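*Asks:* See coords07.cif below, with mmCIF, C-alpha atoms.
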```
data_final
loop_
_atom_site.group_PDB
_atom_site.id
_atom_site.type_symbol
_atom_site.label_atom_id
_atom_site.label_comp_id
_atom_site.auth_asym_id
_atom_site.auth_seq_id
_atom_site.Cartn_x
_atom_site.Cartn_y
_atom_site.Cartn_z
ATOM 1 C CA MET A 1 -19.085 18.344 29.059
ATOM 2 C CA ALA A 2 -17.605 18.097 32.545
ATOM 3 C CA ASN A 3 -13.812 17.925 32.885
ATOM 4 C CA ARG A 4 -11.804 16.017 35.428
ATOM 5 C CA MET A 5 -10.357 18.247 38.128
ATOM 6 C CA ILE A 6 -8.054 15.458 39.317
ATOM 7 C CA SER A 7 -5.792 13.525 36.957
ATOM 8 C CA TYR A 8 -7.030 10.189 35.670
ATOM 9 C CA GLY A 9 -5.952 7.429 38.042
ATOM 10 C CA TYR A 10 -6.538 9.442 41.212
ATOM 11 C CA GLY A 11 -9.417 10.339 43.509
ATOM 12 C CA MET A 12 -10.104 12.005 46.840
ATOM 13 C CA GLU A 13 -10.740 10.020 49.977
ATOM 14 C CA SER A 14 -11.151 11.747 53.362
ATOM 15 C CA GLY A 15 -9.576 14.847 51.862
ATOM 16 C CA LYS A 16 -6.482 12.994 50.622
ATOM 17 C CA LEU A 17 -5.297 12.067 47.145
ATOM 18 C CA VAL A 18 -5.475 8.324 46.622
ATOM 19 C CA VAL A 19 -4.810 5.962 43.720
ATOM 20 C CA ILE A 20 -7.856 4.418 42.042
ATOM 21 C CA ASP A 21 -6.598 0.928 41.315
ATOM 22 C CA SER A 22 -8.718 0.242 38.228
ATOM 23 C CA GLU A 23 -7.674 3.520 36.612
ATOM 24 C CA ALA A 24 -4.057 3.101 37.670
ATOM 25 C CA GLU A 25 -3.971 -0.177 35.731
ATOM 26 C CA ILE A 26 -5.083 1.710 32.632
ATOM 27 C CA VAL A 27 -2.361 4.325 33.196
ATOM 28 C CA ARG A 28 0.285 1.597 33.442
ATOM 29 C CA ARG A 29 -1.123 -0.060 30.341
ATOM 30 C CA VAL A 30 -0.983 3.218 28.373
ATOM 31 C CA PHE A 31 2.681 3.741 29.246
ATOM 32 C CA ARG A 32 3.579 0.121 28.574
ATOM 33 C CA GLU A 33 1.855 -0.083 25.186
ATOM 34 C CA TYR A 34 3.169 3.292 24.067
ATOM 35 C CA ILE A 35 6.738 2.278 24.939
ATOM 36 C CA GLU A 36 6.223 -0.999 23.063
ATOM 37 C CA GLY A 37 5.362 0.940 19.900
ATOM 38 C CA LYS A 38 1.623 1.528 19.710
ATOM 39 C CA LEU A 39 0.316 4.862 18.435
ATOM 40 C CA LEU A 40 -1.622 7.228 20.663
ATOM 41 C CA GLN A 41 -4.701 6.799 18.459
ATOM 42 C CA GLU A 42 -4.393 3.022 18.480
ATOM 43 C CA ILE A 43 -4.361 2.988 22.270
ATOM 44 C CA ALA A 44 -7.323 5.385 22.377
ATOM 45 C CA ASP A 45 -9.308 3.287 19.895
ATOM 46 C CA GLU A 46 -8.747 0.101 21.891
ATOM 47 C CA LEU A 47 -9.815 1.736 25.173
ATOM 48 C CA THR A 48 -12.943 3.098 23.483
ATOM 49 C CA GLU A 49 -13.781 -0.304 21.965
ATOM 50 C CA GLU A 50 -13.342 -1.978 25.355
ATOM 51 C CA GLY A 51 -15.656 0.557 26.983
ATOM 52 C CA VAL A 52 -13.095 1.772 29.521
ATOM 53 C CA GLU A 53 -14.638 4.644 31.474
ATOM 54 C CA PHE A 54 -12.713 7.912 31.443
ATOM 55 C CA TYR A 55 -14.945 10.191 33.509
ATOM 56 C CA LEU A 56 -18.640 10.327 34.503
ATOM 57 C CA GLU A 57 -19.569 7.306 32.379
ATOM 58 C CA SER A 58 -17.821 8.757 29.326
ATOM 59 C CA ARG A 59 -16.088 5.919 27.486
ATOM 60 C CA LEU A 60 -14.836 7.897 24.521
ATOM 61 C CA TRP A 61 -11.060 8.137 24.312
ATOM 62 C CA ASN A 62 -8.933 10.089 21.864
ATOM 63 C CA LYS A 63 -5.239 10.529 21.279
ATOM 64 C CA ASN A 64 -5.172 13.818 23.218
ATOM 65 C CA LYS A 65 -6.382 12.088 26.382
ATOM 66 C CA VAL A 66 -3.713 9.432 25.972
ATOM 67 C CA PHE A 67 -1.119 12.110 25.224
ATOM 68 C CA ARG A 68 -1.964 13.958 28.459
ATOM 69 C CA ILE A 69 -1.408 10.748 30.417
ATOM 70 C CA ILE A 70 2.003 10.218 28.801
ATOM 71 C CA GLU A 71 3.258 13.716 29.628
ATOM 72 C CA ASN A 72 1.724 13.967 33.139
ATOM 73 C CA GLU A 73 4.507 14.072 35.761
ATOM 74 C CA LYS A 74 2.014 13.400 38.540
ATOM 75 C CA TYR A 75 2.250 9.701 37.696
ATOM 76 C CA ILE A 76 5.843 9.652 38.966
ATOM 77 C CA GLY A 77 4.925 11.433 42.225
ATOM 78 C CA ALA A 78 5.097 15.125 41.265
ATOM 79 C CA GLU A 79 3.043 17.732 43.138
ATOM 80 C CA GLY A 80 2.391 15.397 46.047
ATOM 81 C CA TYR A 81 0.536 12.778 44.004
ATOM 82 C CA PRO A 82 1.139 9.109 44.833
ATOM 83 C CA ALA A 83 3.360 7.530 42.165
ATOM 84 C CA ILE A 84 1.736 5.074 39.760
ATOM 85 C CA ILE A 85 4.693 4.391 37.456
ATOM 86 C CA GLY A 86 8.462 4.536 37.806
ATOM 87 C CA LEU A 87 10.737 7.328 36.593
ATOM 88 C CA GLU A 88 12.455 5.097 34.022
ATOM 89 C CA GLU A 89 9.157 4.133 32.416
ATOM 90 C CA TYR A 90 8.057 7.778 32.311
ATOM 91 C CA GLN A 91 11.317 8.838 30.662
ATOM 92 C CA LYS A 92 11.168 6.090 28.037
ATOM 93 C CA ALA A 93 7.636 7.070 27.019
ATOM 94 C CA ASN A 94 8.437 10.762 26.766
ATOM 95 C CA GLN A 95 11.702 10.154 24.920
ATOM 96 C CA ARG A 96 9.726 8.210 22.346
ATOM 97 C CA LYS A 97 7.183 11.033 22.129
ATOM 98 C CA SER A 98 9.917 13.636 21.608
ATOM 99 C CA ALA A 99 11.749 11.521 19.040
ATOM 100 C CA ARG A 100 8.549 10.949 17.091
ATOM 101 C CA GLY A 101 7.835 14.662 17.042
ATOM 102 C CA ASN A 102 11.151 15.287 15.287
ATOM 103 C CA GLN A 103 11.005 12.223 13.083
ATOM 104 C CA LYS A 104 11.087 12.597 9.320
ATOM 105 C CA ILE A 105 9.065 10.036 7.450
ATOM 106 C CA ALA A 106 11.221 7.759 5.296
ATOM 107 C CA LEU A 107 9.507 5.507 2.789
ATOM 108 C CA ASP A 108 11.185 2.348 1.570
ATOM 109 C CA ALA A 109 11.907 1.822 -2.108
ATOM 110 C CA GLU A 110 8.888 -0.400 -2.788
ATOM 111 C CA VAL A 111 6.385 2.131 -1.414
ATOM 112 C CA GLU A 112 8.059 5.000 -3.269
ATOM 113 C CA TYR A 113 7.903 3.037 -6.521
ATOM 114 C CA LEU A 114 4.254 2.087 -5.972
ATOM 115 C CA LYS A 115 3.425 5.787 -5.703
ATOM 116 C CA LYS A 116 4.611 6.136 -9.317
ATOM 117 C CA ILE A 117 2.659 3.247 -10.846
ATOM 118 C CA THR A 118 -0.539 3.046 -8.752
ATOM 119 C CA VAL A 119 -3.678 4.447 -10.378
ATOM 120 C CA CYS A 120 -7.415 4.657 -9.751
ATOM 121 C CA ALA A 121 -9.239 1.893 -11.624
ATOM 122 C CA GLN A 122 -12.261 4.177 -12.091
ATOM 123 C CA CYS A 123 -10.711 7.295 -13.655
ATOM 124 C CA GLY A 124 -7.152 6.218 -14.436
ATOM 125 C CA LYS A 125 -5.609 9.062 -12.450
ATOM 126 C CA PRO A 126 -2.570 8.403 -10.236
ATOM 127 C CA PHE A 127 -3.454 7.451 -6.684
ATOM 128 C CA TYR A 128 -2.219 9.672 -3.863
ATOM 129 C CA ARG A 129 -0.728 8.253 -0.667
ATOM 130 C CA ARG A 130 -1.729 10.466 2.241
ATOM 131 C CA THR A 131 -0.169 10.070 5.670
ATOM 132 C CA LYS A 132 -1.939 10.810 8.939
ATOM 133 C CA TRP A 133 -0.367 11.177 12.361
ATOM 134 C CA LYS A 134 2.951 10.909 10.464
ATOM 135 C CA ASN A 135 2.873 7.141 10.198
ATOM 136 C CA ARG A 136 -0.633 6.153 9.182
ATOM 137 C CA GLU A 137 -1.271 6.088 5.494
ATOM 138 C CA LYS A 138 -4.283 6.051 3.239
ATOM 139 C CA TRP A 139 -4.350 5.652 -0.548
ATOM 140 C CA ILE A 140 -6.952 7.984 -2.101
ATOM 141 C CA CYS A 141 -7.906 9.197 -5.572
ATOM 142 C CA PRO A 142 -7.355 12.986 -5.840
ATOM 143 C CA ASN A 143 -9.943 13.086 -8.638
ATOM 144 C CA GLY A 144 -12.815 12.480 -6.229
ATOM 145 C CA CYS A 145 -13.349 8.754 -6.823
ATOM 146 C CA LYS A 146 -14.100 7.473 -3.324
ATOM 147 C CA ASN A 147 -13.205 3.970 -2.216
ATOM 148 C CA ASP A 148 -15.651 2.138 -0.003
ATOM 149 C CA LYS A 149 -12.966 1.308 2.550
ATOM 150 C CA TYR A 150 -9.710 2.477 4.057
ATOM 151 C CA ILE A 151 -6.779 1.435 1.826
ATOM 152 C CA SER A 152 -3.485 1.070 3.677
ATOM 153 C CA ASP A 153 -0.005 -0.077 2.651
ATOM 154 C CA VAL A 154 -0.738 -3.475 4.179
ATOM 155 C CA GLU A 155 -3.830 -3.892 1.996
ATOM 156 C CA VAL A 156 -2.045 -2.685 -1.150
ATOM 157 C CA PHE A 157 0.865 -5.085 -0.676
ATOM 158 C CA GLY A 158 -1.516 -7.836 0.407
ATOM 159 C CA GLY A 159 -3.616 -7.332 -2.730
ATOM 160 C CA ILE A 160 -0.495 -7.510 -4.895
ATOM 161 C CA LEU A 161 0.518 -10.731 -3.141
ATOM 162 C CA SER A 162 -2.946 -12.151 -3.732
ATOM 163 C CA ALA A 163 -2.715 -11.295 -7.445
ATOM 164 C CA ILE A 164 0.728 -12.906 -7.601
ATOM 165 C CA GLY A 165 -0.696 -16.053 -6.024
ATOM 166 C CA MET A 166 -3.540 -16.203 -8.531
ATOM 167 C CA ALA A 167 -1.149 -15.606 -11.444
ATOM 168 C CA ALA A 168 1.130 -18.387 -10.189
ATOM 169 C CA THR A 169 -1.603 -20.978 -9.660
ATOM 170 C CA GLN A 170 -4.034 -20.283 -12.522
ATOM 171 C CA SER A 171 -2.652 -21.316 -15.906
ATOM 172 C CA ASP A 172 -4.564 -18.747 -17.972
ATOM 173 C CA ALA A 173 -4.271 -15.796 -15.567
ATOM 174 C CA LEU A 174 -1.310 -14.263 -17.405
ATOM 175 C CA LEU A 175 -2.889 -14.381 -20.856
ATOM 176 C CA SER A 176 -3.511 -10.863 -22.107
ATOM 177 C CA LYS A 177 -7.151 -10.088 -22.863
ATOM 178 C CA GLU A 178 -6.214 -7.319 -25.303
ATOM 179 C CA GLU A 179 -6.382 -7.892 -29.060
ATOM 180 C CA VAL A 180 -2.807 -7.910 -30.356
ATOM 181 C CA VAL A 181 -2.139 -6.355 -33.773
ATOM 182 C CA THR A 182 1.306 -7.275 -35.106
ATOM 183 C CA TYR A 183 1.059 -6.304 -38.776
ATOM 184 C CA TYR A 184 0.201 -2.857 -40.158
ATOM 185 C CA PRO A 185 0.008 -2.951 -43.999
ATOM 186 C CA THR A 186 0.716 0.364 -45.723
ATOM 187 C CA GLN A 187 -0.507 1.793 -49.024
ATOM 188 C CA GLU A 188 2.948 1.162 -50.487
ATOM 189 C CA ILE A 189 2.713 -2.517 -49.543
ATOM 190 C CA MET A 190 -0.681 -2.706 -51.248
ATOM 191 C CA ARG A 191 0.779 -1.065 -54.368
ATOM 192 C CA TYR A 192 3.647 -3.597 -54.469
ATOM 193 C CA THR A 193 1.203 -6.465 -53.915
ATOM 194 C CA ASN A 194 -0.957 -5.299 -56.811
ATOM 195 C CA GLU A 195 2.139 -4.915 -59.003
ATOM 196 C CA ILE A 196 3.231 -8.487 -58.205
ATOM 197 C CA GLY A 197 -0.239 -9.727 -59.146
ATOM 198 C CA ARG A 198 -0.151 -7.803 -62.414
ATOM 199 C CA MET A 199 3.323 -9.147 -63.299
ATOM 200 C CA THR A 200 2.408 -12.775 -62.555
ATOM 201 C CA ASN A 201 -0.599 -12.503 -64.866
ATOM 202 C CA GLN A 202 1.577 -11.482 -67.806
ATOM 203 C CA PRO A 203 2.114 -14.112 -70.561
ATOM 204 C CA ALA A 204 5.909 -13.910 -70.167
ATOM 205 C CA PRO A 205 6.788 -12.215 -66.857
ATOM 206 C CA SER A 206 10.348 -10.995 -66.341
ATOM 207 C CA PHE A 207 12.062 -13.107 -63.664
ATOM 208 C CA MET A 208 14.562 -10.389 -62.624
ATOM 209 C CA ALA A 209 11.929 -7.659 -62.519
ATOM 210 C CA GLY A 210 9.544 -9.889 -60.563
ATOM 211 C CA LYS A 211 12.293 -10.896 -58.151
ATOM 212 C CA LYS A 212 13.118 -7.269 -57.411
ATOM 213 C CA VAL A 213 9.498 -6.304 -56.750
ATOM 214 C CA ILE A 214 8.880 -9.364 -54.543
ATOM 215 C CA LEU A 215 11.986 -8.705 -52.406
ATOM 216 C CA GLU A 216 11.122 -5.024 -51.995
ATOM 217 C CA CYS A 217 7.574 -5.954 -50.992
ATOM 218 C CA ALA A 218 8.869 -8.493 -48.478
ATOM 219 C CA ALA A 219 11.172 -5.850 -46.951
ATOM 220 C CA LEU A 220 8.261 -3.432 -46.606
ATOM 221 C CA LYS A 221 6.123 -6.110 -44.951
ATOM 222 C CA PHE A 222 8.905 -6.903 -42.479
ATOM 223 C CA GLN A 223 9.129 -3.219 -41.553
ATOM 224 C CA ALA A 224 5.344 -3.158 -41.011
ATOM 225 C CA CYS A 225 5.512 -5.942 -38.428
ATOM 226 C CA ARG A 226 5.398 -5.097 -34.711
ATOM 227 C CA GLU A 227 6.587 -7.091 -31.725
ATOM 228 C CA ASN A 228 3.913 -9.071 -29.925
ATOM 229 C CA LYS A 229 4.852 -8.102 -26.389
ATOM 230 C CA ALA A 230 2.172 -10.309 -24.890
ATOM 231 C CA ALA A 231 3.716 -13.386 -26.472
ATOM 232 C CA ALA A 232 7.296 -12.227 -25.954
ATOM 233 C CA TYR A 233 6.953 -11.320 -22.277
ATOM 234 C CA THR A 234 4.420 -13.814 -20.919
ATOM 235 C CA GLU A 235 6.967 -16.533 -20.178
ATOM 236 C CA PHE A 236 9.285 -13.989 -18.600
ATOM 237 C CA VAL A 237 6.466 -12.700 -16.385
ATOM 238 C CA ARG A 238 5.439 -16.255 -15.522
ATOM 239 C CA ARG A 239 8.958 -17.057 -14.261
ATOM 240 C CA LYS A 240 9.091 -13.867 -12.219
ATOM 241 C CA VAL A 241 5.645 -14.533 -10.739
ATOM 242 C CA GLU A 242 6.637 -18.046 -9.686
ATOM 243 C CA GLN A 243 9.805 -16.745 -8.024
ATOM 244 C CA GLU A 244 7.903 -14.022 -6.195
ATOM 245 C CA PHE A 245 5.190 -16.446 -5.126
ATOM 246 C CA GLU A 246 7.832 -18.730 -3.611
ATOM 247 C CA SER A 247 9.463 -15.847 -1.726
ATOM 248 C CA GLY A 248 6.111 -14.692 -0.300
ATOM 249 C CA LYS A 249 6.916 -11.000 -0.565
ATOM 250 C CA VAL A 250 6.740 -8.065 -2.987
ATOM 251 C CA SER A 251 10.246 -7.077 -4.015
ATOM 252 C CA MET A 252 11.549 -3.990 -5.767
ATOM 253 C CA ASP A 253 13.048 -6.107 -8.541
ATOM 254 C CA PHE A 254 9.690 -7.722 -9.283
ATOM 255 C CA LEU A 255 7.838 -4.403 -9.372
ATOM 256 C CA THR A 256 10.321 -2.765 -11.740
ATOM 257 C CA VAL A 257 10.701 -5.586 -14.279
ATOM 258 C CA ALA A 258 7.372 -7.442 -14.201
ATOM 259 C CA VAL A 259 4.687 -4.873 -13.289
ATOM 260 C CA SER A 260 3.626 -1.927 -15.412
ATOM 261 C CA GLN A 261 0.745 -0.675 -13.267
ATOM 262 C CA VAL A 262 -1.161 -1.273 -10.029
ATOM 263 C CA LYS A 263 -4.880 -0.424 -9.935
ATOM 264 C CA ILE A 264 -7.021 0.240 -6.880
ATOM 265 C CA TYR A 265 -10.717 -0.450 -7.388
ATOM 266 C CA LYS A 266 -13.600 1.253 -5.629
ATOM 267 C CA ASP A 267 -14.340 -1.794 -3.486
ATOM 268 C CA GLY A 268 -10.712 -1.986 -2.347
ATOM 269 C CA ALA A 269 -9.612 -4.728 -4.738
ATOM 270 C CA ILE A 270 -6.061 -4.474 -6.062
ATOM 271 C CA GLY A 271 -5.330 -5.163 -9.723
ATOM 272 C CA VAL A 272 -1.832 -5.856 -11.035
ATOM 273 C CA VAL A 273 -1.130 -5.121 -14.708
ATOM 274 C CA PHE A 274 1.941 -7.044 -15.832
ATOM 275 C CA VAL A 275 4.349 -5.971 -18.582
ATOM 276 C CA ASN A 276 2.794 -8.450 -21.025
ATOM 277 C CA GLY A 277 -0.554 -6.605 -20.754
ATOM 278 C CA ALA A 278 -2.350 -9.146 -18.566
ATOM 279 C CA GLU A 279 -4.195 -7.868 -15.483
ATOM 280 C CA VAL A 280 -4.865 -10.031 -12.436
ATOM 281 C CA ILE A 281 -7.146 -8.713 -9.684
ATOM 282 C CA GLY A 282 -6.302 -10.056 -6.239
ATOM 283 C CA LYS A 283 -9.013 -11.352 -3.956
ATOM 284 C CA LYS A 284 -9.645 -9.013 -1.020
ATOM 285 C CA GLU A 285 -10.276 -11.987 1.235
ATOM 286 C CA GLY A 286 -7.135 -13.604 -0.111
ATOM 287 C CA VAL A 287 -4.796 -11.525 2.008
ATOM 288 C CA THR A 288 -3.724 -14.195 4.480
ATOM 289 C CA ASN A 289 -2.457 -13.591 7.972
ATOM 290 C CA ALA A 290 1.003 -14.427 6.763
ATOM 291 C CA ALA A 291 0.760 -11.828 4.036
ATOM 292 C CA LYS A 292 -0.540 -9.279 6.501
ATOM 293 C CA GLY A 293 2.341 -9.968 8.822
ATOM 294 C CA ARG A 294 4.973 -9.735 6.122
ATOM 295 C CA ASN A 295 3.572 -6.549 4.663
ATOM 296 C CA LYS A 296 2.858 -4.938 8.004
ATOM 297 C CA ASN A 297 6.575 -5.115 8.671
ATOM 298 C CA ARG A 298 7.209 -3.589 5.257
ATOM 299 C CA SER A 299 4.618 -0.891 5.879
ATOM 300 C CA GLU A 300 6.121 -0.023 9.243
ATOM 301 C CA SER A 301 9.592 0.209 7.782
ATOM 302 C CA ALA A 302 8.204 2.336 4.962
ATOM 303 C CA VAL A 303 6.802 5.070 7.129
ATOM 304 C CA GLY A 304 9.128 4.746 10.110
ATOM 305 C CA LYS A 305 8.287 3.506 13.566
ATOM 306 C CA ALA A 306 6.840 6.074 15.956
ATOM 307 C CA LYS A 307 9.291 6.441 18.760
#
```
Take the structure from the file and write it as C-alpha cells.
*Replies:*
Amino acid sequence: MANRMISYGYGMESGKLVVIDSEAEIVRRVFREYIEGKLLQEIADELTEEGVEFYLESRLWNKNKVFRIIENEKYIGAEGYPAIIGLEEYQKANQRKSARGNQKIALDAEVEYLKKITVCAQCGKPFYRRTKWKNREKWICPNGCKNDKYISDVEVFGGILSAIGMAATQSDALLSKEEVVTYYPTQEIMRYTNEIGRMTNQPAPSFMAGKKVILECAALKFQACRENKAAAYTEFVRRKVEQEFESGKVSMDFLTVAVSQVKIYKDGAIGVVFVNGAEVIGKKEGVTNAAKGRNKNRSESAVGKAK
C-alpha cells in the first residue's frame, strides 16, 4: 500500500506546497468534530461511510489516520506548510487528546449496579461489560454465548425502558408465570391430622384432649405456610413501574427495590425480572428516539466524556 509523502490536505504545485481545498475542509471538520466531543473512531467511520478519499482512491479511514491529523503541527503552519487551522483550535484538540489519555473511566451508579444483576438469558451466567477505546462499551457473555448484535449501554437502558413501558400499559404483564407454593405440609402435620380424625370418630371424644390436638395442629400448619411474594409484591412493583414510566428514565432507586435481575437475550432483547417474579421482555424496536436520547446521556456520563 502506498503512503502519502505529503500530509493530508496539501499537494505540490510548480514545486511549491499548496493547500488542497477539498482535503483542507476535511481537516477542519476533523478538528471541529473532535473538539465538539466525537471519538476518533466515530469520525473515521463517518468519513469511510461517506466515501471520502484519503489517498490514491483509498476511502478507508481509521482512528490512527484521524489521530495523525489531530497531532500534526503542519496544519498551523509548522515546517513551512500553509496553515489550515488556527493555533487555538489546534491546542483545544490536543488538550482534549491529552486529557483523554489520562482519563480514568468512572461509571455512574446505575451502570455499576446493572453489572451486578445482568445475566445471559441463554446460560444464566453474569454478563460482562467490556470497554473499548476507554469509552465504548459492549455487554458480552464470558461463557461463550454470542449475541447477534452489539449491545451497548444505550440499548440495555432502552430495553429496560421498553419493558417498563410494557409493564405499565399491559394489565397482565406483571403477573408471575411461576407456580407459587405457599403451604408445605410435614409428616408431623399429617400425624396430627390423622389423630384428630381418630378422636372425632370415637363414641365419646374428649373435648379438652381434642382441643389441644387441634390447636397444636393449627400451629404446625401456620409454621408450614410461606409468603406468596408474587401476590405480596405485585402491587408494590406496579406502583414503582408506573412512577418510573412517568419519569421516562431508569433510576437507581427503581433498580434496587423493584428489579431482581436483567437478562440479555441472544437476539439483543432485554428482559427485566421484577421482585415479584414476573419477567417482561422489552421490544427491541420499542426503544424510541426519546429513550435513546435520555440513555445516551446516561451512558456518556457513565463512562466519561472523551476530552
*Asks:* Using all atoms listed in the file, can you tell me which of A:Lys211, A:Phe127, A:Lys16, A:Tyr34 comes closest to Gln95 in chain A?
*Replies:*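 Smallest distance to Gln95 in chain A is found for A:Tyr34.
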*Asks:* Do you know which residues the PyMOL selection byres ((chain A and resi 138) around 6) returns on this file, as a list in words?
*Replies:* Arg129, Arg130, Glu137, Trp139, Ile151 and Ser152 of chain A
*Asks:* Please expand the PyMOL selection byres ((chain A and resi 22-30) around 12) into the concrete residues it hits in this file, giving the result as a short mmCIF file (atom, residue, chain, number, x, y, z; two decimals) with C-alpha atoms, keeping the file's coordinate frame.
*Replies:*
```
data_model
loop_
_atom_site.label_atom_id
_atom_site.label_comp_id
_atom_site.auth_asym_id
_atom_site.auth_seq_id
_atom_site.Cartn_x
_atom_site.Cartn_y
_atom_site.Cartn_z
CA SER A 7 -5.79 13.52 36.96
CA TYR A 8 -7.03 10.19 35.67
CA GLY A 9 -5.95 7.43 38.04
CA TYR A 10 -6.54 9.44 41.21
CA GLY A 11 -9.42 10.34 43.51
CA VAL A 18 -5.48 8.32 46.62
CA VAL A 19 -4.81 5.96 43.72
CA ILE A 20 -7.86 4.42 42.04
CA ASP A 21 -6.60 0.93 41.32
CA PHE A 31 2.68 3.74 29.25
CA ARG A 32 3.58 0.12 28.57
CA GLU A 33 1.86 -0.08 25.19
CA TYR A 34 3.17 3.29 24.07
CA ILE A 35 6.74 2.28 24.94
CA GLU A 36 6.22 -1.00 23.06
CA GLY A 37 5.36 0.94 19.90
CA LYS A 38 1.62 1.53 19.71
CA LEU A 39 0.32 4.86 18.43
CA LEU A 40 -1.62 7.23 20.66
CA GLN A 41 -4.70 6.80 18.46
CA GLU A 42 -4.39 3.02 18.48
CA ILE A 43 -4.36 2.99 22.27
CA ALA A 44 -7.32 5.38 22.38
CA ASP A 45 -9.31 3.29 19.90
CA GLU A 46 -8.75 0.10 21.89
CA LEU A 47 -9.82 1.74 25.17
CA GLU A 50 -13.34 -1.98 25.36
CA VAL A 52 -13.10 1.77 29.52
CA GLU A 53 -14.64 4.64 31.47
CA PHE A 54 -12.71 7.91 31.44
CA TYR A 55 -14.94 10.19 33.51
CA TRP A 61 -11.06 8.14 24.31
CA LYS A 63 -5.24 10.53 21.28
CA LYS A 65 -6.38 12.09 26.38
CA VAL A 66 -3.71 9.43 25.97
CA PHE A 67 -1.12 12.11 25.22
CA ARG A 68 -1.96 13.96 28.46
CA ILE A 69 -1.41 10.75 30.42
CA ILE A 70 2.00 10.22 28.80
CA GLU A 71 3.26 13.72 29.63
CA ASN A 72 1.72 13.97 33.14
CA LYS A 74 2.01 13.40 38.54
CA TYR A 75 2.25 9.70 37.70
CA ILE A 76 5.84 9.65 38.97
CA PRO A 82 1.14 9.11 44.83
CA ALA A 83 3.36 7.53 42.16
CA ILE A 84 1.74 5.07 39.76
CA ILE A 85 4.69 4.39 37.46
CA GLY A 86 8.46 4.54 37.81
CA GLU A 89 9.16 4.13 32.42
CA TYR A 90 8.06 7.78 32.31
CA ALA A 93 7.64 7.07 27.02
#
```
*Asks:* Please measure the separation of CA of Leu114 in chain A and CA of Arg238 in chain A, giving the value in Å to one decimal.
*Replies:* 20.7 Å
*Asks:* Using Å and a single decimal, report how far CA of Ala278 in chain A sits from CA of Glu110 in chain A.
*Replies:* 21.3 Å
*Asks:* I want to know what sits within 9 Å of range 263-272 of chain A, based on all atoms listed in the file, with residues of the same chain fewer than 6 positions away left out; could you give that as a PyMOL selection string?
*Replies:* chain A and resi 117-122+124+127+139+145-151+155-160+162-164+278-284
*Asks:* Enumerate, as a list in words, the residues matched when the PyMOL selection byres ((chain A and resi 142) around 8) is run on the file above.
*Replies:*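 When the PyMOL selection byres ((chain A and resi 142) around 8) is applied to the shown file, the picked residues are Lys125, Pro126, Phe127, Tyr128, Ile140, Cys141, Asn143, Gly144 and Cys145 of chain A.
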*Asks:* Quote the spacing between CA of Leu175 in chain A and CA of Val262 in chain A in Å to one decimal place.
*Replies:*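 CA of Val262 in chain A lies at a distance of 17.1 Å from CA of Leu175 in chain A.
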*Asks:* Nearest to Val237 in chain A: which of A:Leu60, A:Ile6, A:Leu255, A:Ala219 is it, counting only C-alpha atoms?
*Replies:*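 Among the listed residues, the smallest separation from Val237 in chain A belongs to A:Leu255.
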